[in-house]
>>> print(open('input_11.txt').read())   # compact mmCIF, C-alpha atoms
# COMPACT_ATOMS: atom_id res chain seq x y z
CA MET A 1 101.53 126.98 117.05
CA ILE A 2 102.52 129.14 114.08
CA ASP A 3 99.52 130.55 112.20
CA ASP A 4 100.32 129.17 108.74
CA ALA A 5 100.46 125.61 110.17
CA ARG A 6 96.80 125.72 111.22
CA GLY A 7 95.62 125.07 107.68
CA ARG A 8 98.21 122.38 107.03
CA VAL A 9 97.46 118.66 107.13
CA LEU A 10 100.13 116.32 108.48
CA VAL A 11 100.03 112.78 107.09
CA ALA A 12 101.87 109.95 108.84
CA GLY A 13 103.00 107.59 106.09
CA GLY A 14 104.19 107.95 102.52
CA GLY A 15 102.79 104.71 101.10
CA ILE A 16 99.70 104.36 98.93
CA ALA A 17 97.27 105.86 101.45
CA GLY A 18 99.59 108.71 102.42
CA LEU A 19 100.56 109.63 98.86
CA ALA A 20 96.94 109.49 97.70
CA LEU A 21 95.90 111.91 100.44
CA ALA A 22 98.86 114.20 99.78
CA ARG A 23 97.94 114.24 96.10
CA ALA A 24 94.25 114.90 96.74
CA LEU A 25 95.01 117.78 99.12
CA HIS A 26 97.68 119.28 96.86
CA ARG A 27 95.22 119.26 93.94
CA GLN A 28 92.79 121.36 95.99
CA GLY A 29 95.55 123.75 97.08
CA ARG A 30 95.71 122.57 100.69
CA PRO A 31 99.12 122.68 102.44
CA VAL A 32 100.15 119.12 103.28
CA LEU A 33 103.23 117.35 104.64
CA ALA A 34 103.63 113.57 104.55
CA LEU A 35 106.04 112.10 107.11
CA GLU A 36 107.59 108.81 105.96
CA ARG A 37 109.99 106.70 108.01
CA ARG A 38 111.68 105.14 104.94
CA ALA A 39 114.55 107.17 103.58
CA ALA A 40 113.79 106.38 99.92
CA PRO A 41 110.70 105.46 97.89
CA GLU A 42 109.84 101.79 97.70
CA ASP A 43 111.59 100.28 94.66
CA GLY A 44 110.53 96.64 94.99
CA GLY A 45 108.90 94.91 92.06
CA LEU A 46 105.93 93.37 93.87
CA ALA A 47 102.58 94.12 92.33
CA ILE A 48 99.07 95.06 93.38
CA ASN A 49 95.68 94.17 91.92
CA LEU A 50 93.37 97.18 91.52
CA PRO A 51 89.64 96.42 91.17
CA GLY A 52 87.36 98.79 89.30
CA ASN A 53 86.61 101.10 92.21
CA ALA A 54 90.36 101.66 92.71
CA VAL A 55 90.69 102.51 89.00
CA GLN A 56 87.79 104.95 89.34
CA ALA A 57 89.41 106.59 92.37
CA LEU A 58 92.69 107.00 90.50
CA GLY A 59 90.73 108.67 87.72
CA GLN A 60 89.30 111.11 90.26
CA LEU A 61 92.88 111.81 91.30
CA GLY A 62 93.73 112.75 87.71
CA LEU A 63 95.61 109.57 86.81
CA SER A 64 93.37 107.78 84.27
CA GLU A 65 95.65 108.37 81.30
CA ALA A 66 98.89 107.62 83.17
CA LEU A 67 97.43 104.37 84.51
CA LYS A 68 97.00 103.04 80.96
CA HIS A 69 100.77 102.92 80.53
CA VAL A 70 101.63 100.65 83.47
CA GLY A 71 100.76 97.05 84.30
CA SER A 72 98.09 95.04 82.52
CA PRO A 73 94.28 95.09 82.45
CA VAL A 74 92.58 92.26 84.35
CA ARG A 75 89.72 91.40 82.04
CA ARG A 76 88.70 88.03 83.48
CA ARG A 77 88.80 86.07 86.74
CA ASP A 78 89.04 82.27 86.79
CA TYR A 79 88.32 80.31 89.97
CA ARG A 80 89.64 76.74 89.74
CA THR A 81 89.98 73.60 91.84
CA HIS A 82 93.38 72.29 92.88
CA ARG A 83 93.19 69.99 89.83
CA GLY A 84 92.67 72.93 87.49
CA ASP A 85 88.95 72.42 86.80
CA LEU A 86 87.11 75.71 86.27
CA LEU A 87 84.52 76.41 88.97
CA PHE A 88 83.37 79.73 87.52
CA ALA A 89 84.67 82.76 85.66
CA VAL A 90 83.87 86.47 85.80
CA ASP A 91 84.07 88.87 82.86
CA GLU A 92 85.50 91.81 84.80
CA ALA A 93 85.78 94.11 81.79
CA ALA A 94 82.06 93.69 81.09
CA PHE A 95 81.11 94.13 84.76
CA TRP A 96 83.10 97.32 85.36
CA GLY A 97 83.17 98.74 81.84
CA GLU A 98 86.28 99.64 79.87
CA ALA A 99 86.91 102.92 81.70
CA ALA A 100 87.10 101.14 85.07
CA CYS A 101 88.52 97.80 83.95
CA PRO A 102 90.61 96.35 86.82
CA ARG A 103 94.37 96.48 86.47
CA CYS A 104 97.42 94.78 87.97
CA LEU A 105 100.62 96.81 88.22
CA ARG A 106 103.78 97.07 90.27
CA ARG A 107 103.47 98.82 93.61
CA SER A 108 106.42 101.02 92.73
CA ASP A 109 104.58 102.18 89.59
CA LEU A 110 101.45 103.01 91.60
CA GLN A 111 103.43 105.00 94.14
CA ARG A 112 105.27 106.81 91.35
CA LEU A 113 101.95 107.79 89.75
CA LEU A 114 100.51 109.03 93.04
CA GLY A 115 103.63 111.05 93.73
CA GLN A 116 104.03 112.62 90.30
CA ASP A 117 103.56 116.40 90.25
CA LEU A 118 103.86 116.58 94.05
CA PRO A 119 106.36 119.25 95.13
CA ALA A 120 109.36 117.82 96.95
CA GLU A 121 108.44 119.69 100.12
CA THR A 122 105.15 117.78 100.50
CA ILE A 123 106.94 114.64 101.71
CA ARG A 124 109.66 114.36 104.33
CA ARG A 125 111.51 111.03 104.40
CA GLY A 126 113.63 109.29 106.99
CA CYS A 127 111.69 110.61 109.98
CA THR A 128 110.04 108.69 112.81
CA ILE A 129 107.17 109.93 114.96
CA GLN A 130 108.16 109.92 118.64
CA ALA A 131 105.14 111.61 120.20
CA ILE A 132 101.85 113.28 119.27
CA ALA A 133 100.18 116.18 121.09
CA ALA A 134 96.67 117.08 119.94
CA THR A 135 94.43 119.91 121.15
CA ALA A 136 91.22 121.48 119.90
CA ALA A 137 93.40 123.97 118.02
CA GLY A 138 95.74 121.60 116.18
CA VAL A 139 98.36 118.88 116.36
CA THR A 140 102.09 118.81 117.13
CA VAL A 141 104.23 115.87 116.03
CA ASP A 142 107.59 115.28 117.72
CA LEU A 143 110.12 113.68 115.36
CA GLY A 144 112.90 113.39 117.92
CA ALA A 145 116.17 114.55 116.39
CA GLY A 146 114.13 115.49 113.31
CA GLY A 147 112.47 118.34 115.15
CA VAL A 148 108.79 119.21 115.49
CA GLU A 149 106.03 119.69 112.92
CA HIS A 150 102.71 121.49 113.46
CA GLY A 151 99.42 121.12 111.62
CA GLY A 152 95.72 121.61 111.88
CA LEU A 153 95.05 117.90 111.44
CA LEU A 154 97.04 114.64 111.64
CA VAL A 155 96.05 111.66 109.50
CA GLY A 156 97.49 108.27 110.41
CA ALA A 157 98.00 106.59 107.04
CA ASP A 158 100.86 104.48 108.35
CA GLY A 159 99.59 100.96 107.76
CA VAL A 160 98.47 97.92 109.72
CA HIS A 161 100.89 98.54 112.59
CA SER A 162 100.16 102.26 112.73
CA THR A 163 102.18 104.38 115.17
CA VAL A 164 99.42 106.99 115.18
CA ARG A 165 96.75 104.40 116.00
CA ARG A 166 98.81 102.92 118.81
CA SER A 167 99.57 106.36 120.26
CA MET A 168 96.04 107.75 120.13
CA PHE A 169 93.66 104.78 120.01
CA GLY A 170 95.38 102.04 122.05
CA GLU A 171 97.41 98.90 121.44
CA GLN A 172 94.82 96.21 120.66
CA ALA A 173 93.64 96.57 117.08
CA THR A 174 94.92 93.83 114.79
CA ARG A 175 93.44 90.35 114.57
CA ALA A 176 94.11 87.28 112.46
CA ALA A 177 92.03 87.19 109.28
CA VAL A 178 89.26 84.59 108.91
CA LEU A 179 90.94 83.46 105.68
CA GLY A 180 94.10 82.25 107.39
CA GLN A 181 97.11 83.36 109.35
CA ALA A 182 99.79 84.00 106.75
CA SER A 183 100.46 84.59 103.09
CA TRP A 184 103.41 84.95 100.70
CA ARG A 185 103.85 87.23 97.68
CA PHE A 186 106.28 87.04 94.78
CA MET A 187 106.92 87.87 91.13
CA ALA A 188 107.61 85.07 88.61
CA PRO A 189 107.78 84.41 84.87
CA ASN A 190 104.31 83.94 83.42
CA PRO A 191 103.72 80.17 83.11
CA GLY A 192 101.00 80.67 80.49
CA ILE A 193 97.98 82.39 82.04
CA ASP A 194 96.01 85.28 80.55
CA ALA A 195 93.65 86.05 83.45
CA TRP A 196 93.45 86.49 87.21
CA THR A 197 93.59 82.80 88.19
CA LEU A 198 93.03 81.26 91.61
CA TRP A 199 93.44 77.58 92.47
CA ALA A 200 91.92 76.44 95.78
CA GLY A 201 92.68 73.14 97.48
CA ALA A 202 92.97 71.50 100.86
CA GLY A 203 95.35 73.61 102.90
CA GLY A 204 96.07 76.43 100.47
CA LEU A 205 95.18 79.05 97.89
CA PHE A 206 97.40 79.89 94.91
CA LEU A 207 96.77 83.06 92.87
CA LEU A 208 98.56 84.34 89.76
CA ILE A 209 97.84 87.59 87.90
CA PRO A 210 99.61 88.81 84.73
CA VAL A 211 101.46 92.09 85.27
CA ASP A 212 103.97 93.10 82.59
CA ASN A 213 107.15 92.06 80.76
CA GLY A 214 106.11 88.40 80.79
CA GLU A 215 105.79 88.31 84.58
CA VAL A 216 102.97 87.40 86.96
CA TYR A 217 102.23 88.48 90.50
CA GLY A 218 101.80 85.53 92.84
CA TRP A 219 99.94 85.35 96.14
CA VAL A 220 99.87 82.18 98.25
CA SER A 221 98.02 81.41 101.46
CA ILE A 222 98.51 78.31 103.62
CA SER A 223 95.83 77.57 106.18
CA ARG A 224 97.96 75.45 108.54
CA ALA A 225 98.37 77.30 111.82
CA GLY A 226 101.92 78.30 112.60
CA ALA A 227 103.32 78.15 109.07
CA GLY A 228 106.56 80.08 109.37
CA ASP A 229 107.84 82.85 107.13
CA ARG A 230 110.54 80.56 105.74
CA ASP A 231 108.48 77.36 105.75
CA LEU A 232 109.06 76.80 102.03
CA ALA A 233 109.02 73.02 102.32
CA GLU A 234 105.47 73.28 103.64
CA MET A 235 104.53 75.42 100.65
CA ARG A 236 105.88 72.78 98.28
CA ARG A 237 103.97 70.03 100.11
CA VAL A 238 100.63 71.87 100.16
CA PHE A 239 100.71 72.53 96.42
CA GLU A 240 102.29 69.28 95.21
CA ARG A 241 99.02 68.05 93.65
CA PHE A 242 98.13 71.34 91.99
CA PRO A 243 98.42 71.77 88.18
CA ARG A 244 101.72 71.68 86.33
CA LEU A 245 101.94 75.43 85.83
CA VAL A 246 101.60 75.93 89.59
CA GLN A 247 104.44 73.45 90.08
CA ASP A 248 106.49 75.21 87.41
CA THR A 249 105.99 78.55 89.12
CA LEU A 250 107.05 77.15 92.48
CA GLU A 251 110.15 75.63 90.91
CA ARG A 252 111.07 79.11 89.65
CA VAL A 253 110.49 80.99 92.93
CA LEU A 254 111.37 78.57 95.74
CA PRO A 255 115.13 78.60 94.97
CA ARG A 256 114.99 82.39 95.59
CA PRO A 257 113.68 82.65 99.17
CA ASP A 258 114.73 86.29 99.48
CA ALA A 259 112.31 87.15 96.67
CA ILE A 260 109.36 85.55 98.49
CA HIS A 261 107.75 88.06 100.84
CA HIS A 262 105.96 86.69 103.88
CA SER A 263 103.13 88.68 105.45
CA PRO A 264 100.75 87.76 108.27
CA LEU A 265 97.08 88.06 107.32
CA GLU A 266 96.03 90.69 109.83
CA GLU A 267 92.91 92.79 109.92
CA VAL A 268 92.04 95.99 111.74
CA ARG A 269 88.53 96.34 113.14
CA ILE A 270 88.20 99.21 115.61
CA ALA A 271 85.26 101.13 117.02
CA ARG A 272 86.42 104.58 115.94
CA TRP A 273 88.86 106.12 113.49
CA THR A 274 88.84 109.67 114.82
CA GLN A 275 89.86 111.44 118.01
CA GLY A 276 89.64 115.21 117.83
CA ARG A 277 92.18 116.50 115.32
CA VAL A 278 93.67 113.01 114.73
CA LEU A 279 92.16 110.42 112.41
CA LEU A 280 93.06 107.19 110.61
CA ALA A 281 92.92 106.24 106.93
CA GLY A 282 93.70 103.20 104.81
CA ASP A 283 95.01 100.06 106.49
CA ALA A 284 95.63 101.93 109.74
CA ALA A 285 91.85 102.26 110.06
CA HIS A 286 90.45 99.18 108.34
CA ALA A 287 92.98 96.67 107.00
CA THR A 288 91.20 93.60 105.66
CA ALA A 289 92.22 90.26 104.14
CA PRO A 290 92.93 90.55 100.38
CA VAL A 291 89.91 88.47 99.35
CA TRP A 292 88.43 91.29 97.25
CA ALA A 293 91.66 93.32 96.77
CA GLN A 294 90.18 96.33 98.55
CA GLY A 295 93.14 97.55 100.63
CA ALA A 296 94.43 100.13 98.16
CA ALA A 297 90.96 100.84 96.78
CA LEU A 298 89.54 101.83 100.15
CA ALA A 299 92.65 103.88 100.93
CA LEU A 300 92.29 105.84 97.68
CA GLU A 301 88.62 106.45 98.43
CA ASP A 302 89.48 107.58 101.97
CA ALA A 303 91.79 110.20 100.49
CA LEU A 304 89.10 111.51 98.15
CA VAL A 305 86.42 111.73 100.84
CA LEU A 306 88.69 113.33 103.43
CA SER A 307 89.97 115.95 100.99
CA ASP A 308 86.38 116.69 99.99
CA ASN A 309 85.38 117.19 103.62
CA LEU A 310 88.31 119.54 104.15
CA ALA A 311 87.25 121.55 101.11
CA HIS A 312 83.74 122.12 102.46
CA GLU A 313 83.97 122.05 106.26
CA THR A 314 85.11 125.15 108.16
CA ASP A 315 85.15 123.53 111.62
CA TRP A 316 88.18 121.23 111.58
CA ASN A 317 87.06 119.50 114.76
CA ALA A 318 84.08 118.21 112.76
CA ILE A 319 86.23 116.81 109.92
CA GLY A 320 86.95 113.45 111.53
CA PRO A 321 83.38 112.50 112.50
CA ALA A 322 82.05 113.63 109.10
CA TYR A 323 84.70 111.60 107.27
CA GLU A 324 84.05 108.51 109.37
CA ALA A 325 80.28 108.77 108.87
CA ARG A 326 80.75 108.82 105.10
CA ARG A 327 83.27 105.98 104.96
CA ARG A 328 81.97 103.49 107.56
CA PRO A 329 79.11 101.98 105.48
CA ARG A 330 81.31 101.21 102.46
CA VAL A 331 84.10 99.76 104.59
CA ALA A 332 81.64 97.69 106.64
CA HIS A 333 80.22 96.25 103.41
CA VAL A 334 83.68 95.16 102.25
CA GLN A 335 84.47 93.64 105.65
CA ALA A 336 81.23 91.67 105.71
CA MET A 337 81.75 90.32 102.19
CA THR A 338 85.38 89.49 103.01
CA ASP A 339 84.31 87.42 106.00
CA ARG A 340 81.65 85.66 103.96
CA LEU A 341 83.96 84.52 101.17
CA SER A 342 86.77 83.76 103.63
CA ARG A 343 84.53 81.28 105.42
CA THR A 344 83.69 79.66 102.07
CA ALA A 345 87.41 79.33 101.28
CA THR A 346 87.98 77.35 104.48
CA LEU A 347 85.27 74.75 103.74
CA PRO A 348 86.26 71.19 102.81
CA ASP A 349 87.18 70.88 99.12
CA TRP A 350 84.14 68.87 98.08
CA VAL A 351 81.73 71.29 99.76
CA ARG A 352 83.43 74.38 98.34
CA ASN A 353 83.57 72.91 94.85
CA GLN A 354 79.85 72.18 94.98
CA LEU A 355 78.95 75.64 96.24
CA LEU A 356 81.21 78.01 94.30
CA PRO A 357 79.71 77.54 90.81
CA MET A 358 76.43 78.77 92.30
CA ILE A 359 77.43 81.26 94.96
CA GLY A 360 80.71 82.51 93.47
CA PRO A 361 79.25 84.72 90.71
CA ARG A 362 76.57 85.95 93.11
CA SER A 363 79.19 86.86 95.73
CA TYR A 364 81.22 88.76 93.15
CA ARG A 365 78.19 90.79 92.07
CA ALA A 366 76.98 91.33 95.64
CA THR A 367 80.41 92.59 96.69
CA TYR A 368 81.28 94.83 93.77
CA ALA A 369 77.90 96.14 92.61
CA PRO A 370 77.70 98.72 95.45
CA LEU A 371 81.32 99.70 94.75
CA ARG A 372 80.70 100.51 91.09
CA GLU A 373 79.27 103.84 92.17
CA PRO A 374 82.30 106.15 92.61
CA VAL A 375 82.62 107.97 95.92
CA SER A 376 81.01 111.39 95.62
CA VAL A 377 83.41 114.34 95.81
>>> encode(input="input_11.txt", output="structure tokens")
Amino acid sequence: MIDDARGRVLVAGGGIAGLALARALHRQGRPVLALERRAAPEDGGLAINLPGNAVQALGQLGLSEALKHVGSPVRRRDYRTHRGDLLFAVDEAAFWGEAACPRCLRRSDLQRLLGQDLPAETIRRGCTIQAIAATAAGVTVDLGAGGVEHGGLLVGADGVHSTVRRSMFGEQATRAAVLGQASWRFMAPNPGIDAWTLWAGAGGLFLLIPVDNGEVYGWVSISRAGAGDRDLAEMRRVFERFPRLVQDTLERVLPRPDAIHHSPLEEVRIARWTQGRVLLAGDAAHATAPVWAQGAALALEDALVLSDNLAHETDWNAIGPAYEARRRPRVAHVQAMTDRLSRTATLPDWVRNQLLPMIGPRSYRATYAPLREPVSV
């Protein structure tokens, strides 16, 4: 292995987790190379909801000011029945404070922010990992026709179906989420909402969040087992008794099936995230159902903690265990609270509607209160 590669970190993946880590390491002067299989940056218009701890993490990455110029603040959450009756509301701006007010923005905007100021040589696109060889001295990544890259550490930040995880930690990792088996995402004209708004009814959940330019981000989950990725007739049937603005939104998006993105609700729960000089971050380590919108938030925090460990630890073989010890408790908390609210969402309508006005606000506070404290770096 060449000497100057020993201090370099290789990152598998150039999505949110990979770019966040590349940014964090570049800011501390650490050599880093992100390896991304896609030939070009993601340019889709789908959005992402960032809770307050994600906003705080972006601030720690130097992006507070830039974040103000994309998307829209999410100042309130409304939880409603399938008839539109309000079960409870949360004043998110008051809970998090103005500096960490949640925000909804396009994924492409978030990736652009994370990648700004990164030198072109910190990310290599259009390459696929073929094999990984790790020793106590470092890591070698075989990219097939793309050659070989060396580093002191390899971080698998390559998503739910991580190549790094499969290569180093085994095949069996993903499981169906408690919340359901599948979901759909889309962008649509705003039908007249001014807050994060979820309608819950028998067989489905329907969420809309204002983003920008008069558009909302939509997320839909259907609980019926086996709902297919193009089962749009089933989507129409499940939500036929929901409020008019839900119907209006469906009428806008269902004629455009190519704009509706299907995604299985899969989670990753594994016993360890580290193996010598190889470790996992973001969804590759701990993907969870989007009940509390913590996927990107936890990935951003992973990047901050890992870069902090690298800045203070001289023994690189100790980096992984130290990182995992710091991150496990926070991730385990999110997973436990995700399972708890997911079980509530699957209750019969009449039971859920009786319980949520009482337990909903408490669950919100119990979940997010520990996350208001930024990760220490």
>>> atom_distance(input="input_11.txt", atom1="CA of Val155 (chain A)", atom2="CA of Val278 (chain A)")
5.9 Å
>>> closest_atom_pairs(input="input_11.txt", of="region 331-363 of chain A", to="region 61-83 of chain A", cutoff="10 Å", atoms="only C-alpha atoms", output="JSON lines")
{"residue": "A:Asp349", "atom": "CA", "partner": "A:Thr81", "partner_atom": "CA", "distance": 8.3}
{"residue": "A:Trp350", "atom": "CA", "partner": "A:Thr81", "partner_atom": "CA", "distance": 9.8}
{"residue": "A:Arg352", "atom": "CA", "partner": "A:Thr81", "partner_atom": "CA", "distance": 9.3}
{"residue": "A:Asn353", "atom": "CA", "partner": "A:Thr81", "partner_atom": "CA", "distance": 7.1}
{"residue": "A:Leu356", "atom": "CA", "partner": "A:Tyr79", "partner_atom": "CA", "distance": 8.6}
{"residue": "A:Pro357", "atom": "CA", "partner": "A:Tyr79", "partner_atom": "CA", "distance": 9.1}
{"residue": "A:Gly360", "atom": "CA", "partner": "A:Tyr79", "partner_atom": "CA", "distance": 8.7}
>>> residues_around(input="input_11.txt", residues="Ala20 (chain A)", least_positions_apart="6", cutoff="10 Å", atoms="only C-alpha atoms", output="PyMOL selection string")
chain A and resi 14+26+57-58+61+110-111+113-115+157+296+299-304
>>> residues_around(input="input_11.txt", residues="Leu153 (chain A)", least_positions_apart="5", cutoff="12 Å", atoms="all atoms listed in the file", output="ChimeraX atom specification")
/A:5-12,30-34,132-141,274-280,306-307,310,315-320
>>> atom_distance(input="input_11.txt", atom1="CA of Cys101 (chain A)", atom2="CA of Gly52 (chain A)")
5.6 Å
>>> closest_residue(input="input_11.txt", among="A:Leu87, A:Leu19, A:Met337, A:Val375", to="Pro361 (chain A)", atoms="only C-alpha atoms")
A:Leu87
>>> closest_residue(input="input_11.txt", among="A:Arg244, A:Arg252, A:His286, A:His261", to="Thr174 (chain A)", atoms="all atoms listed in the file")
A:His286
>>> atom_distance(input="input_11.txt", atom1="CA of Glu251 (chain A)", atom2="CA of Leu265 (chain A)")
24.4 Å
>>> residues_around(input="input_11.txt", residues="region 142-148 of chain A", least_positions_apart="5", cutoff="7 Å", atoms="all atoms listed in the file", output="list in words")
Cys127, Thr128, Ile129, Gln130, Ala131 and Ile132 of chain A
>>> closest_residue(input="input_11.txt", among="A:Cys104, A:Gly201, A:Val220, A:Pro119", to="Gln181 (chain A)", atoms="all atoms listed in the file")
A:Val220
>>> closest_residue(input="input_11.txt", among="A:Ala336, A:Met358, A:Ile260, A:Leu245", to="Ala89 (chain A)", atoms="only C-alpha atoms")
A:Met358
>>> closest_residue(input="input_11.txt", among="A:Ala297, A:Val216, A:Leu86, A:Val377", to="Leu50 (chain A)", atoms="only C-alpha atoms")
A:Ala297
>>> closest_residue(input="input_11.txt", among="A:Ala24, A:Ala173, A:Ala271, A:Ile359", to="Glu324 (chain A)", atoms="all atoms listed in the file")
A:Ala271
>>> residues_around(input="input_11.txt", residues="Pro191 (chain A)", least_positions_apart="6", cutoff="12 Å", atoms="all atoms listed in the file", output="compact mmCIF listing (two decimals) with C-alpha atoms, in the coordinates of the input")
# COMPACT_ATOMS: atom_id res chain seq x y z
CA THR A 197 93.59 82.80 88.19
CA LEU A 208 98.56 84.34 89.76
CA ILE A 209 97.84 87.59 87.90
CA PRO A 210 99.61 88.81 84.73
CA GLY A 214 106.11 88.40 80.79
CA GLU A 215 105.79 88.31 84.58
CA VAL A 216 102.97 87.40 86.96
CA TYR A 217 102.23 88.48 90.50
CA GLY A 218 101.80 85.53 92.84
CA PRO A 243 98.42 71.77 88.18
CA ARG A 244 101.72 71.68 86.33
CA LEU A 245 101.94 75.43 85.83
CA VAL A 246 101.60 75.93 89.59
CA GLN A 247 104.44 73.45 90.08
CA ASP A 248 106.49 75.21 87.41
CA THR A 249 105.99 78.55 89.12
CA LEU A 250 107.05 77.15 92.48
CA GLU A 251 110.15 75.63 90.91
CA ARG A 252 111.07 79.11 89.65
CA VAL A 253 110.49 80.99 92.93
>>> residues_around(input="input_11.txt", residues="region 233-236 of chain A", least_positions_apart="3", cutoff="8 Å", atoms="only C-alpha atoms", output="list in words")
Ile222, Ala227, Phe239, Glu240 and Leu250 of chain A
